[in-house]
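Report on the structure given below.
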Amino acid sequence: MSEAQPTVTGGTAVRAGVVGARRDRWSVAAVAVACGLIAACVAAVVTVFVPSRNIVTGIPDAGTLTELVLPALKALFDLSGALTVGWLLAAAVLVPPQRSGVFDVGGYRAVRAASLSAWVWAAASFALVPVTVSDLVGAEADNPAAALNSRLVLTVLAFPDSAARGFLISGVAALVVGVFARVVLRPGGAVCLLVVAVGGLLPLALSGHASASGNHDVAVDTMIFHLVGISVWIGGLVAFLGVARQRVPHLGVVGRRYSVVALVAFAAVAVSGVGNAWVRLNGVSDLWVYPYGRLLLIKAALLTGLGVIGYLHRRRTLPAIGRGSNRPLIRLACVEVAVMAATVGVAAALARTAPPPPDGPVPSNVAETLGFDLDGPPTLWRLLVDWRFDYLLGTAAVVAAGLYLVGVFRLRRRGDRWPPGRTVAWLLGCLLILVATSSGLGRYAQSQFSLHMVAHMILGMCAPILLVLGGPVTLALRALPAAPRTGPPGLREAIAAGVHGRFARVITHPLVVLPLFIGSFYAVYFTGLFGLMMSSHFGHMVMGAHFLVVGYLYYWVIIGVDPAPRRLPPMVKLGMLLAPLPFHAFFGLALMNSHEVLAEDYYRVLALPWAPDLISDQRLGGGIAWGATELPMIIVLLALLTQWSRSDEREARRADRRADTGGDPELDAYNAMLAGLAGRDDRAASAGSAAEARSAAATAERAGAARPDPSPPG
């Protein structure tokens, strides 16, 4: 594949490349098919020797066929989902696009391969729905398809933590990816599809062992890290192998990028795996006493072997790629892919194996609902010191603070200055996220509506203000190195393109971000969505992340110091700041005068003895929502006026510099116009005076000719 090929028009270049590499594409497809077979066979064989679940009295056995088909389909589901994520990751991040922003040959092939794997993923997802229902209700042993005729299927799909419902959601997400991946031609579209694909993996974290464990909040968080990490790791490796076989341009860049991604994914898988095992095991002895623990040891050994292979990749195959040799990479990657497929098979069997029974006391209603217990009423001391770390939003806050400090350190090491106020604002914003999600406030916010509203106001109004004043995009653009002119675009160019891209222009338009900011309150709290989200830890996390992102977009448009897709006049920004005030006031007053409890079933199950009057606590939350908008508005108003004043000062200094160095073009043009008008007036006046003089002379001459001669006649 030559470097000159991308200079052709985007669609022509990629299509020409696909035709020329048919043999390599089929070889990669053969590897993917072999991986699917290995994973399915390993899962079925392990299920034969390991009891899959505890026998429940009253529920008949689903039969041998279901026992074997279910883990095999689950392994195929896991592997095809990972391949879809990996190919989309290659198209969006690993393979550099052309300078025009259109996919290069490798990116186009990757997104088309993602479409194929997504169709397999969808087929496995929909096939798992009747098989899972058959396994749960024992319908028609040895005939999983008969579960579709069971009336219990609707009941099973109605439960939020049902595995069958999760497979159905994953199948829909896979269909969306499979359809739209056929028409995507830019990395931005691949990023959107990657988000959809990752979202299709998340329902699995909300069902099975994760939703049933005592500390299910920790189990769900760690399972999300585990699923996403292993999908990125396995799928990214297969995609990298396919790109290497096709010999696309900039293969060395692709290898370095995947090496970084794989290292982060391996760390996430290792740490989350340990955390998940810690939640489900009662002690170290459970690792060899129970079948679940023994499968954990096998899976850990396989992952350790994969880590060793990854180290060999960094030491041997990546330098070989730089020298133009792909054979060491392909040989070692084929072995690694086979081990990964076996790991997926063991993981599929592990998901059906019963964990060790808990040996502690029977959990309370609060512990079963929240995943943890509460020691007493929410005193000020408990709100400050009774922390329970949120492994998703809390980790995001810590990582964001760390990356920001790394960027500041790079600038200082280079000799550049970065305003300390921006650093303080960003770190305080990250601290507020930690307080709202991981402190005692975040812990009790899941049990009382009033404290939930306090955390909501911090995440939706206070933290975003500080984050946008930190200017993270500006810091990233200054700290990251620029790509060479002759080389592929890098992360800095991707950030700049994303900030000024079409999606950013749409989402930051005042007619979009303002209704989104205002309507989120009413859409969440005055519909059944609030009760649905509060009923699960994942829903609670999604709600907090939603308010944080929407608040960041809103305040970025008004007082953001980062470059924005569009520049708004100060008066428009002031109008956007004042417009939500009556809507927020009405929202708070509506809660203060409400007579119906929001998410009543959820709070009734908790039955907190220190909060028996739910409607009074809800009205208190409405008062908090009504009064908490004043302080953020004052801060934003002061920041807006300060930026407005500084903008005027900068414009005045810019005008002075132009006048000192060569004059202001507009002022010079205006003065030239005045001088021209004055010259024209002077010329007109001079011409008028000369005409008057000539007229006077002519008049005098005529008068002299008409006057009689006074001299006497001779």
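Residues in the structure tokens are numbered from 1 in each chain, the chains being A, B, ... in the order shown, and ligands are numbered from 1 in the order shown.
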
Could you pull the residues within 10 Å of Leu370 of chain A, counting only C-alpha atoms, minus those fewer than 6 positions along the same chain, as a PyMOL selection string? chain A and resi 214-217+364+443-444+446-447+534-537+606

Please produce an output containing N, CA and C atoms for each residue in the selection, written as a PDB file, in the first residue's frame.
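result38.pdb, written as the output of this step:
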```
ATOM      1  N   GLY A 214     -23.674  -8.567  47.872  1.00  0.00           N
ATOM      2  CA  GLY A 214     -23.963  -7.624  48.942  1.00  0.00           C
ATOM      3  C   GLY A 214     -23.483  -6.227  48.630  1.00  0.00           C
ATOM      4  N   ASN A 215     -22.256  -6.081  48.193  1.00  0.00           N
ATOM      5  CA  ASN A 215     -21.706  -4.787  47.796  1.00  0.00           C
ATOM      6  C   ASN A 215     -21.904  -4.594  46.296  1.00  0.00           C
ATOM      7  N   HIS A 216     -23.169  -4.608  45.855  1.00  0.00           N
ATOM      8  CA  HIS A 216     -23.395  -4.621  44.413  1.00  0.00           C
ATOM      9  C   HIS A 216     -23.011  -3.307  43.757  1.00  0.00           C
ATOM     10  N   ASP A 217     -22.879  -2.203  44.501  1.00  0.00           N
ATOM     11  CA  ASP A 217     -22.408  -0.968  43.886  1.00  0.00           C
ATOM     12  C   ASP A 217     -20.953  -1.111  43.441  1.00  0.00           C
ATOM     13  N   SER A 364     -29.638  -6.055  55.719  1.00  0.00           N
ATOM     14  CA  SER A 364     -30.876  -5.312  55.927  1.00  0.00           C
ATOM     15  C   SER A 364     -31.456  -4.875  54.590  1.00  0.00           C
ATOM     16  N   ARG A 443     -22.966   9.198  49.875  1.00  0.00           N
ATOM     17  CA  ARG A 443     -23.505   7.955  50.414  1.00  0.00           C
ATOM     18  C   ARG A 443     -24.959   8.123  50.846  1.00  0.00           C
ATOM     19  N   TYR A 444     -25.243   9.190  51.577  1.00  0.00           N
ATOM     20  CA  TYR A 444     -26.604   9.415  52.063  1.00  0.00           C
ATOM     21  C   TYR A 444     -27.515   9.999  50.982  1.00  0.00           C
ATOM     22  N   GLN A 446     -28.207   8.774  48.271  1.00  0.00           N
ATOM     23  CA  GLN A 446     -28.981   7.694  47.667  1.00  0.00           C
ATOM     24  C   GLN A 446     -30.145   7.245  48.542  1.00  0.00           C
ATOM     25  N   SER A 447     -30.251   7.825  49.740  1.00  0.00           N
ATOM     26  CA  SER A 447     -31.291   7.381  50.665  1.00  0.00           C
ATOM     27  C   SER A 447     -32.310   8.456  50.992  1.00  0.00           C
ATOM     28  N   MET A 534     -33.212   5.774  40.255  1.00  0.00           N
ATOM     29  CA  MET A 534     -32.852   5.594  41.661  1.00  0.00           C
ATOM     30  C   MET A 534     -32.893   4.135  42.083  1.00  0.00           C
ATOM     31  N   SER A 535     -33.578   3.295  41.328  1.00  0.00           N
ATOM     32  CA  SER A 535     -33.709   1.896  41.728  1.00  0.00           C
ATOM     33  C   SER A 535     -32.453   1.076  41.497  1.00  0.00           C
ATOM     34  N   SER A 536     -31.435   1.636  40.813  1.00  0.00           N
ATOM     35  CA  SER A 536     -30.191   0.901  40.574  1.00  0.00           C
ATOM     36  C   SER A 536     -29.008   1.836  40.752  1.00  0.00           C
ATOM     37  N   HIS A 537     -27.893   1.255  41.131  1.00  0.00           N
ATOM     38  CA  HIS A 537     -26.675   2.052  41.285  1.00  0.00           C
ATOM     39  C   HIS A 537     -26.225   2.636  39.955  1.00  0.00           C
ATOM     40  N   LEU A 606     -36.567   1.392  51.559  1.00  0.00           N
ATOM     41  CA  LEU A 606     -35.495   1.748  52.500  1.00  0.00           C
ATOM     42  C   LEU A 606     -36.033   1.900  53.917  1.00  0.00           C
TER      43      LEU A 606
END
```

With only C-alpha atoms as the counted atoms, please give the residues lying no more than 8 Å from segment 634-645 of chain A, apart from itself and same-chain residues fewer than 5 positions off, as a PyMOL selection string. chain A and resi 465+558-559+570+574+577

Filtering to N, CA and C atoms, could you give me those residues as a CSV table (one decimal), in the first residue's frame?
```csv
chain,number,residue,atom,x,y,z
A,465,ILE,N,-19.0,24.9,36.9
A,465,ILE,CA,-18.5,26.3,36.8
A,465,ILE,C,-17.0,26.3,37.0
A,558,ILE,N,-21.2,30.0,28.2
A,558,ILE,CA,-21.4,31.3,28.9
A,558,ILE,C,-20.0,31.9,29.3
A,559,ILE,N,-19.2,31.1,30.1
A,559,ILE,CA,-18.0,31.7,30.7
A,559,ILE,C,-16.8,30.8,30.4
A,570,PRO,N,-21.6,39.2,24.3
A,570,PRO,CA,-21.8,39.2,25.8
A,570,PRO,C,-23.3,39.3,26.2
A,574,LEU,N,-25.4,36.8,28.6
A,574,LEU,CA,-26.1,37.3,29.8
A,574,LEU,C,-27.6,36.8,29.7
A,577,LEU,N,-27.8,33.2,30.7
A,577,LEU,CA,-27.6,33.1,32.2
A,577,LEU,C,-28.9,33.4,32.9
```

Just asking: which residues within segment 145-302 of chain A are helix (DSSP H, G or I) according to DSSP, as a ChimeraX atom specification? /A:145-149,152-158,163-180,187-206,209-212,216-246,251-280,286-289,291-302

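Within 10 Å of Phe503 of chain A, once only C-alpha atoms are used and residues closer than 6 positions along the same chain are dropped, the contacting residues are Gly188, Gly189 and Pro565 of chain A.
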
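The two atoms in question, atom CA of Ile624 of chain A and atom CA of Phe587 of chain A, are spaced 10.8 Å apart.
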
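Distances to Phe266 of chain A were evaluated for A:Gly229, A:Gly178, A:Pro355, A:Gly345 using only C-alpha atoms, and the minimum falls at A:Gly229.
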
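Residues surrounding segment 395-397 of chain A within 7 Å are Cys430, Ile433 and Leu434 of chain A [only C-alpha atoms; sequence separation below 5 positions excluded].
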
Selected residues, C-alpha atoms, written as a PDB file, in the first residue's frame, please.
```pdb
ATOM      1  CA  CYS A 430     -12.713  17.655  40.748  1.00  0.00           C
ATOM      2  CA  ILE A 433     -17.244  15.761  42.201  1.00  0.00           C
ATOM      3  CA  LEU A 434     -15.547  13.545  44.773  1.00  0.00           C
TER       4      LEU A 434
END
```

So that I can check the surroundings of Tyr552 of chain A, please list as number ranges by chain every protein, DNA and RNA residue that reaches within 12 Å of it, counting only C-alpha atoms and ignoring chain neighbours fewer than 5 positions away. A: 429, 458-472, 507-508, 513-514, 516-517, 545-547, 557-560, 562

Can you pull out every residue within 8 Å of segment 76-91 of chain A, counting only C-alpha atoms, but drop anything in the same chain fewer than 3 positions away, and send it as a ChimeraX atom specification? /A:35-37,39-40,72-73,94-95,103,106-108,110-111,113-115,117-118,120-121,124-125,187,190-191,193-194,197-198,201,230-240,341,344,348

Keeping only N, CA and C atoms, write those residues as a short mmCIF file (atom, residue, chain, number, x, y, z; two decimals), in the first residue's frame.
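The resulting file, part-v7.cif, is reproduced below:
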```
data_model
loop_
_atom_site.label_atom_id
_atom_site.label_comp_id
_atom_site.auth_asym_id
_atom_site.auth_seq_id
_atom_site.Cartn_x
_atom_site.Cartn_y
_atom_site.Cartn_z
N CYS A 35 -11.27 -17.81 16.72
CA CYS A 35 -11.43 -17.34 18.10
C CYS A 35 -12.82 -17.64 18.63
N GLY A 36 -13.84 -17.43 17.79
CA GLY A 36 -15.20 -17.74 18.22
C GLY A 36 -15.39 -19.20 18.54
N LEU A 37 -14.82 -20.06 17.72
CA LEU A 37 -14.94 -21.50 17.98
C LEU A 37 -14.20 -21.90 19.26
N ALA A 39 -13.53 -20.00 21.89
CA ALA A 39 -14.25 -19.49 23.06
C ALA A 39 -15.49 -20.32 23.36
N ALA A 40 -16.27 -20.66 22.32
CA ALA A 40 -17.49 -21.44 22.54
C ALA A 40 -17.18 -22.84 23.05
N ALA A 72 -21.89 -21.46 25.51
CA ALA A 72 -21.27 -21.31 24.19
C ALA A 72 -21.74 -20.04 23.50
N LEU A 73 -23.05 -19.79 23.54
CA LEU A 73 -23.58 -18.55 22.96
C LEU A 73 -23.05 -17.32 23.71
N LEU A 94 -6.94 4.38 16.59
CA LEU A 94 -5.65 3.79 16.27
C LEU A 94 -5.15 4.17 14.89
N VAL A 95 -5.98 4.04 13.86
CA VAL A 95 -5.55 4.29 12.49
C VAL A 95 -5.72 5.78 12.17
N PHE A 103 -11.60 8.84 6.46
CA PHE A 103 -10.87 7.62 6.77
C PHE A 103 -9.78 7.36 5.73
N GLY A 106 -6.96 2.00 6.10
CA GLY A 106 -7.09 1.17 7.28
C GLY A 106 -8.33 1.49 8.09
N GLY A 107 -8.66 2.78 8.25
CA GLY A 107 -9.86 3.15 8.99
C GLY A 107 -11.13 2.67 8.32
N TYR A 108 -11.17 2.76 6.99
CA TYR A 108 -12.36 2.30 6.27
C TYR A 108 -12.53 0.79 6.43
N ALA A 110 -11.46 -1.01 8.87
CA ALA A 110 -11.79 -1.31 10.27
C ALA A 110 -13.27 -1.09 10.55
N VAL A 111 -13.84 0.00 10.05
CA VAL A 111 -15.24 0.27 10.34
C VAL A 111 -16.14 -0.71 9.59
N ALA A 113 -15.28 -3.86 9.00
CA ALA A 113 -15.16 -5.09 9.80
C ALA A 113 -16.00 -4.99 11.07
N ALA A 114 -16.08 -3.78 11.66
CA ALA A 114 -16.93 -3.59 12.83
C ALA A 114 -18.39 -3.87 12.50
N SER A 115 -18.81 -3.50 11.30
CA SER A 115 -20.19 -3.77 10.90
C SER A 115 -20.45 -5.28 10.84
N SER A 117 -18.82 -7.77 12.43
CA SER A 117 -18.82 -8.36 13.78
C SER A 117 -20.05 -7.93 14.57
N ALA A 118 -20.58 -6.72 14.30
CA ALA A 118 -21.78 -6.27 15.00
C ALA A 118 -22.99 -7.11 14.62
N VAL A 120 -22.90 -10.30 13.85
CA VAL A 120 -22.75 -11.54 14.62
C VAL A 120 -23.12 -11.31 16.08
N TRP A 121 -22.71 -10.18 16.61
CA TRP A 121 -23.04 -9.81 17.99
C TRP A 121 -24.55 -9.73 18.18
N ALA A 124 -26.10 -13.28 18.15
CA ALA A 124 -25.86 -13.97 19.42
C ALA A 124 -26.71 -13.39 20.53
N SER A 125 -26.91 -12.06 20.54
CA SER A 125 -27.71 -11.42 21.59
C SER A 125 -29.15 -11.88 21.54
N PRO A 187 -13.64 9.65 11.50
CA PRO A 187 -13.41 9.14 12.86
C PRO A 187 -14.45 9.62 13.87
N ALA A 190 -17.16 7.21 13.91
CA ALA A 190 -16.72 5.97 14.56
C ALA A 190 -16.70 6.12 16.08
N VAL A 191 -16.38 7.31 16.57
CA VAL A 191 -16.41 7.54 18.02
C VAL A 191 -17.83 7.40 18.55
N LEU A 193 -20.27 5.62 17.26
CA LEU A 193 -20.61 4.20 17.23
C LEU A 193 -19.88 3.42 18.32
N LEU A 194 -18.66 3.84 18.65
CA LEU A 194 -17.92 3.20 19.74
C LEU A 194 -18.64 3.40 21.07
N ALA A 197 -21.51 1.02 21.10
CA ALA A 197 -21.07 -0.36 21.33
C ALA A 197 -20.70 -0.60 22.79
N VAL A 198 -20.00 0.35 23.39
CA VAL A 198 -19.66 0.20 24.81
C VAL A 198 -20.93 0.20 25.65
N LEU A 201 -22.46 -3.11 25.98
CA LEU A 201 -21.84 -4.04 26.91
C LEU A 201 -22.30 -3.84 28.35
N ILE A 230 -11.48 -5.50 28.99
CA ILE A 230 -11.13 -6.72 28.27
C ILE A 230 -11.62 -6.67 26.82
N SER A 231 -12.73 -5.95 26.56
CA SER A 231 -13.20 -5.80 25.18
C SER A 231 -12.24 -4.94 24.37
N VAL A 232 -11.77 -3.85 24.97
CA VAL A 232 -10.81 -3.00 24.28
C VAL A 232 -9.51 -3.75 24.04
N TRP A 233 -9.10 -4.55 25.02
CA TRP A 233 -7.83 -5.27 24.92
C TRP A 233 -7.90 -6.35 23.83
N ILE A 234 -8.91 -7.22 23.93
CA ILE A 234 -9.02 -8.32 22.97
C ILE A 234 -9.40 -7.82 21.58
N GLY A 235 -10.45 -7.01 21.51
CA GLY A 235 -10.86 -6.50 20.21
C GLY A 235 -9.82 -5.63 19.55
N GLY A 236 -9.13 -4.81 20.35
CA GLY A 236 -8.07 -3.98 19.79
C GLY A 236 -6.92 -4.79 19.24
N LEU A 237 -6.61 -5.92 19.90
CA LEU A 237 -5.52 -6.77 19.39
C LEU A 237 -5.87 -7.38 18.03
N VAL A 238 -7.11 -7.90 17.92
CA VAL A 238 -7.52 -8.48 16.64
C VAL A 238 -7.53 -7.42 15.55
N ALA A 239 -8.00 -6.22 15.89
CA ALA A 239 -8.01 -5.14 14.91
C ALA A 239 -6.58 -4.75 14.52
N PHE A 240 -5.69 -4.69 15.49
CA PHE A 240 -4.30 -4.37 15.20
C PHE A 240 -3.67 -5.44 14.32
N ALA A 341 -9.11 -15.94 23.46
CA ALA A 341 -10.35 -16.65 23.20
C ALA A 341 -10.64 -17.68 24.29
N VAL A 344 -11.93 -15.84 27.28
CA VAL A 344 -13.34 -15.48 27.12
C VAL A 344 -14.23 -16.68 27.41
N ALA A 348 -17.04 -16.88 30.31
CA ALA A 348 -18.45 -17.19 30.06
C ALA A 348 -18.94 -18.29 30.99
#
```

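What separates atom CA of Val572 of chain A from atom CA of Leu511 of chain A is a distance of 11.5 Å.
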
In terms of only C-alpha atoms, the residue from A:Gly421, A:Gly544, A:Gly407, A:Pro510 at minimal distance from Asp390 of chain A is A:Gly544

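Using only C-alpha atoms, the shortest contact distance between Gly166 of chain A and any of A:Leu380, A:Ile495, A:Leu202, A:Val183 is found at A:Leu202.
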